[in-house]
Structures are given as structure tokens and as C-alpha cells.
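Since the structure comes first, as C-alpha cells, the remarks are kept for the end.
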Amino acid sequence: MTDELDPRTPVFIGVGQASERLDDSGYAALSPMDLGGKALGAAIADAQARGDVAGAIDVLAAIRQFEISTPAAVAPFGRADNPPRAIARRVGANPARAILEYVGGQGPQKLVGELAQEIADGRADMAAIVGAEAISTTLSLAAKGEKPDWREEIGGQLEDRGFGMKGLLDQTLVAHGVRGAIPVYALMENARRSVLGRWLEEHRGHMAELFAPFTKVAAGNPHAASPQEKSADAIATPTQRNRIVAEPYTKDMIARDQVNQAAAIVIASAGKARELGIPPGRWVHIHAATDAKEASVLHRADLHLAQSAVDCANAALEIAGIAQGEVDHFDIYSCFPIPVSNLIEAMGIAPDDPRGLTLTGGLPYFGGAGNNYSAHAIAEAVARCRNQPGSTAMVVANGGFMSKYACGIYSTEAADWSRERVRTCPDQPDGVESLDSYSGPATIETYTIQHGREGASGTIVARIPGGQRVAAVPADADALSLLEGGEPFGLSVTIAMADGKNVFRHAGPQAPQG
């Protein structure tokens with residue numbers, strides 16, 4: 001069948017991963033660029049080519065490291081001015097085109113679709129995607145007062161796509177204490193709990209039961225940052241180590257960003273793969289690659305849902321011509337429980353589906369390798385497909401706050417690229433208006449309490465009589481206590497402005513506003 005393939009058909013030819021833990025016997029405190037080089041070298045070797053794969057790479061896309069992912073971010077030990085070319089030169093590659101991708105966990109999977117289409121259309125013969133994080137090493141060295149010089153002046157062409165963060169997070173949430181992924185996801189998770197009618201501890205148990213099987217996969221993965229199997233009870237129970245970070249999440253339920261991990265993917269045209277003598281048994285075909293974008297958090301019709309994820313996954317299945325029941329291997333992005341639950345409930349997949357929901361061990365246990373996690377998932381998917389020829393793998397990647405999605409379906413079975421294989425789904429429209437400032441009655445829709453060094457701080461999202469959403473913080477300890485009880489949904493509050501913020505006080509029971 002490979003001899004009959006159109007030579008422009010894009011195929012995975014190599015995948016590679018690199019990692020190191022602080023307690024590894026061979027720990028070398030590698031920089032992100034060094035880790036990325038190791039992963040790309042491993043991907044090139046994985047192709048088992050007779051020819052020069054590195055020299056044939058004409059496009060190399062690098063995933064943006066966390067320490068260069070926001071305008072205010074600082075790389076404490078310095079950075080490469082051209083990350084894709086810094087990694088490329090470590091393997092002897094000199095691509096004509098170097099890309100530094102947007103921020104977001106969807107990046108590697110979205111790039112698969114984009115670059116595969118470039119190959120299919122004849123604009124490239126071979127492309128590589130690579131990303132790396134050395135956050136664990138950075139924190140360890142900084143704590144010891146060490147400061148290696150990781151600066152690299154490479155120069156050369158670079159297509160820097162910027163941060164791509166516009167429209168992800170409503171600024172009124174930031175103004176009311178919700179400044180990162182953890183509290184945003186906590187707000188959405190509690191909204192889901194409210195809809196399901198679960199008590200706080202009950203819901204925490206369900207989340208832990210969802211994630212406990214992930215830890216078993218992580219325990220068997222040599223690249224996992226935390227390779228320990230854990231029980232659902234251990235994940236759900238707050239302890240000094242497993243503290244509540246933001247209600248309802250314990251530390252063991254959130255993505256682990258302290259990792260030293262890198263992953264790389266190499267895609268080639270079938271013609272180039274043949275030319276380089278890459279055995280057809282190494283080829284894995286791209287049957288579908290889709291992406292989608294959600295409305296900003298406060299503007300979604302339902303705070304507990306991300307319809308874009310469902311649309312993205314369903315579109316991939318449609319393009320591949322299969323049903324979810326025909327997928328053999330899943331990796332569903334698991335930075336928190338709700339992205340997993342959101343998707344599997346809509347697709348009719350049970351939390352304890354025997355196929356499993358992760359190939360790596362998931363972001364809290366394998367590790368949340370910055371924006372690059374899904375490259376690890378794709379690497380594992382390719383390995384599963386090779387080990388079980390004819391099987392099908394599905395990778396679902398998530399960026400932002402269930403904001404940007406990408407999905408891929410892969411198999412050793414050949415894919416016909418004379419028809420549609422890549423699709424961008426329509427953006428989800430705004431469903432609800434939000435207000436930055438408001439005074440008057442409102443009803444609590446969701447909440448979270450963040451626990452930090454300075455104590456507990458609460459934030460609510462409330463609906464006002466006209467149906468708009470507004471964020472607010474407790475006016476005093478009595479208002480915070482409404483949240484500490486764990487069941488404030490539907491409570492009537494009065495909101496007023498104070499010190500430039502919306503603050504709320506309890507105003508007695510009231511039916512929820514639509």
C-alpha cells in the first residue's frame with residue numbers, strides 16, 4: 001500500500017522524548033535547548049533512515065517555553081534569541097523556515113495539522129515540531145544561588161507568532177483575584193459541580209476517581225515527572241503536602257509544571273520518506289487534524305462547558321470516518337479534571353473506559369510540560385500505533401482555559417490526502433454579556449477560594465437580574481464564610497463598588513437568575 005501512496009502524503013516518521021529528574025543518577029541540569037536537542041535527535045534516530053533526516057528538515061517549529069510565554073515573563077538564566085534554530089543546530093539541521101509558535105497547550109497538535117497540510121500542498125517536504133521545559137532545574141539551581149548562562153545568540157530567519165493570548169481571559173476576573181489557570185479552572189469546575197448537584201467532598205471524590213488510573217500509567221512511564229501510582233482517596237484527601245490550592249482542587253489534581261521534559265515530532269512526505277530509506281513500518285498516518293476556539297470564560301453560555309472541544313473532537317472523527325467506539329487509544333488533555341469530563345461526557349465515554357484516557361499519565365502525574373505536553377501525547381500515540389498495527393489513536397489538546405483546542409487521529413493504516421484531512425471549526429460565539437463594574441442584587445453562579453501564604457481569598461461569578469455576569473470578591477469575613485461552607489450556589493448577594501472592585505455581601509435566599 002505504501003508504494004501506491006501519493007508522494008505528497010504526510011506521515012509521521014519519527015518521534016522522540018527526553019527528560020531528567022533532579023534525583024536521576026545521570027542528572028545533568030540541561031537547559032531547555034539542550035533537552036530539545038536531545039528529543040529532536042531521538043526523533044531523527046527513531047525514523048531509522050538510511051539518509052540524512054536532519055539535513056532534510058525544511059521547517060522547524062518550536063513550542064514557546066513557559067518563561068517566554070507572557071510579555072512580562074523573564075528567563076532567569078537567559079534564553080536563545082531563536083529557539084527553533086538553537087535546537088536545530090544541535091542536530092545539524094538548518095531549516096529554511098523557523099517558527100516560534102503561539103502560547104497554548106493546543107500548539108503541538110495544531111501544528112501537526114498545519115505542517116502536514118503544508119507538506120500535502122507541496123510547500124515543504126519535511127517538518128519538525130519540538131518543545132522543551134526545564135522548570136524543575138531552573139527552580140532548583142535558583143534555590144541554590146546558581147546562575148548558569150543559557151543565553152544563545154543564533155540569529156537567522158524566525159517567524160515569531162507572538163503570544164496569541166487575546167480574548168482568552170476576561171480582565172475583570174484578573175481585577176478580582178483570578179490571575180492564573182488554577183483559579184479559572186476552579187471556577188469552571190465548581191460551576192460543573194453546581195449543575196451536577198454534588199456536595200464538595202462528593203465531587204472531589206469523583207475527580208479523584210477519574211484521575212487515579214492516570215497515576216498508574218504515569219508510574220510505568222520512564223519520562224514521568226511523578227511516577228507513583230496513587231489511590232483516589234490519596235488524591236482527594238487534603239493533607240499538608242496535598243493541600244487545597246483552589247477549591248475544589250487539591251494539589252494532586254492540577255498540572256505539574258515543575259518538569260524537565262522535551263518532545264519532538266518529525267513529519268515527512270511519503271516521497272521524502274522513501275527517498276531517505278525510512279522503513280514503511282515506521283510510518284504513522286495522519287487521518288484527521290482539527291482545531292477550534294472557545295469564547296472567553298465569562299462570555300460562554302455555560303461556565304461548565306467548552307463546546308469547542310466537543311466540536312473539535314467530533315469533526316476529527318467525521319473526517320477520519322470513524323466513531324469514538326472505534327478509537328483504540330486516547331490521550332485527553334488533563335491539566336485539570338474538567339477538560340477531561342467536559343469531553344468524555346459529551347462523547348459518551350465512561351470515566352473508567354477500559355481503553356484508558358491517557359497515554360502518558362496525564363499532566364498532574366506525567367507532567368504538564370508547559371505548552372508542549374501534547375507533543376509527548378503524540379509521541380506516545382505514534383508508539384502505540386506502531387506496536388499495534390491497524391489500531392487508531394486520538395489526541396485531544398487544550399490551550400488557555402478550555403479556550404483553544406486541537407485534535408488528531410492517527411493510525412498505521414494509510415490516509416487518503418486527496419480529500420479533507422485538516423479543518424478549523426467555527427469559533428464559539430459569545431453567549432453571555434459580562435460587566436466590569438456593578439452595584440445591585442445578584443445570585444452566585446460559581447466561586448473559588450484560593451489558599452496562599454497570605455491566607456484565603458475568595459472570588460465569585462454572579463448573575464444579575466438582566467442575565468449578565470459579574471465577578472466580585474468578599475466584602476468581609478462574613479462574606480468569605482459564605483464560600484467556605486462549600487455550597488454558595490444560588491445564594492442572593494448584594495454587590496457594591498469599593499476600592500475599584502466589586503465586593504459582595506449576603507442578602508438572603510433568592511432563586512437563581514437566568
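Identifiers in this document derive from the order of the C-alpha cells: chains are assigned A, B, ..., residues are numbered from 1 separately in each chain, and ligands are numbered from 1 in order of occurrence.
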- Just the residues within 10 Å of Ala128 (chain A), please, counting only C-alpha atoms, with nothing from its chain fewer than 2 positions along; format it as JSON, numbers by chain. {"A": [12, 14, 15, 40, 43, 44, 54, 57, 58, 59, 60, 61, 62, 84, 88, 95, 98, 111, 112, 115, 126, 130, 264, 265, 266, 267, 268]}
- List every residue of region 205-319 of chain A that DSSP, applied to the backbone of this structure, places in strand (DSSP E or B), and write the result as a list in words. Ile244, Val245, Ala246, Tyr249, Thr250, Asn260, Gln261, Ala262, Ala263, Ala264, Ile265, Val266, Ile267, Ala268, Ser269, Val284, His285, Ile286, His287, Ala288, Ala289, Thr290, Asp291, Ala292 and Lys293 of chain A
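Omitting Gly440 (chain A) and its sequence neighbours fewer than 5 positions away, and counting only C-alpha atoms, the residues within 10 Å are Ile464, Pro465, Val493, Thr494, Ile495, Ala496, Met497 and Phe504 of chain A.
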- List the neighbours of region 150-154 of chain A out to 10 Å using only C-alpha atoms; skip same-chain residues closer than 6 positions along the sequence, and give me the result as a PyMOL selection string. chain A and resi 30-34+75-86+89
Could I get the residues of region 99-187 of chain A with an atom no further than 12 Å from an atom of region 299-307 of chain A, each paired with its nearest atom pair and that distance in Å to one decimal, using only C-alpha atoms, sorted by chain and residue number, as JSON lines?
```
{"residue": "A:Gly167", "atom": "CA", "partner": "A:His299", "partner_atom": "CA", "distance": 10.2}
{"residue": "A:Leu168", "atom": "CA", "partner": "A:His299", "partner_atom": "CA", "distance": 10.4}
{"residue": "A:Leu169", "atom": "CA", "partner": "A:His299", "partner_atom": "CA", "distance": 9.9}
{"residue": "A:Asp170", "atom": "CA", "partner": "A:His299", "partner_atom": "CA", "distance": 8.6}
{"residue": "A:Thr172", "atom": "CA", "partner": "A:His299", "partner_atom": "CA", "distance": 11.8}
{"residue": "A:Leu173", "atom": "CA", "partner": "A:His299", "partner_atom": "CA", "distance": 11.8}
{"residue": "A:Val184", "atom": "CA", "partner": "A:Leu303", "partner_atom": "CA", "distance": 10.3}
{"residue": "A:Tyr185", "atom": "CA", "partner": "A:His304", "partner_atom": "CA", "distance": 9.3}
{"residue": "A:Ala186", "atom": "CA", "partner": "A:His304", "partner_atom": "CA", "distance": 10.1}
{"residue": "A:Leu187", "atom": "CA", "partner": "A:Leu303", "partner_atom": "CA", "distance": 8.1}
```
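CA of Met207 (chain A) is found 15.0 Å from CA of Asp353 (chain A).
Neighbouring residues of region 374-381 of chain A at 8 Å or closer, counting only C-alpha atoms and skipping chain neighbours under 4 positions away, are Val15, Gly16, Gln17, Gly105, Gln106, Gly107, Pro108, Gln109, Ile129, Val130, Gly131, Ala262, Ala263, Ala264, Ile265, His329, Asp331, Tyr333, Leu359, Thr360, Cys385, Ala393, Met394, Val395, Val396, Ala397 and Tyr410 of chain A.
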- In terms of only C-alpha atoms, the residue from A:Gln228, A:Gln65, A:Thr459, A:Ser434 at minimal distance from Val297 (chain A) is A:Ser434
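For the choices A:Arg241, A:Arg64, A:Arg50, A:Arg505, the atom-to-atom distance to Asp478 (chain A) is smallest for A:Arg505 when using only C-alpha atoms.
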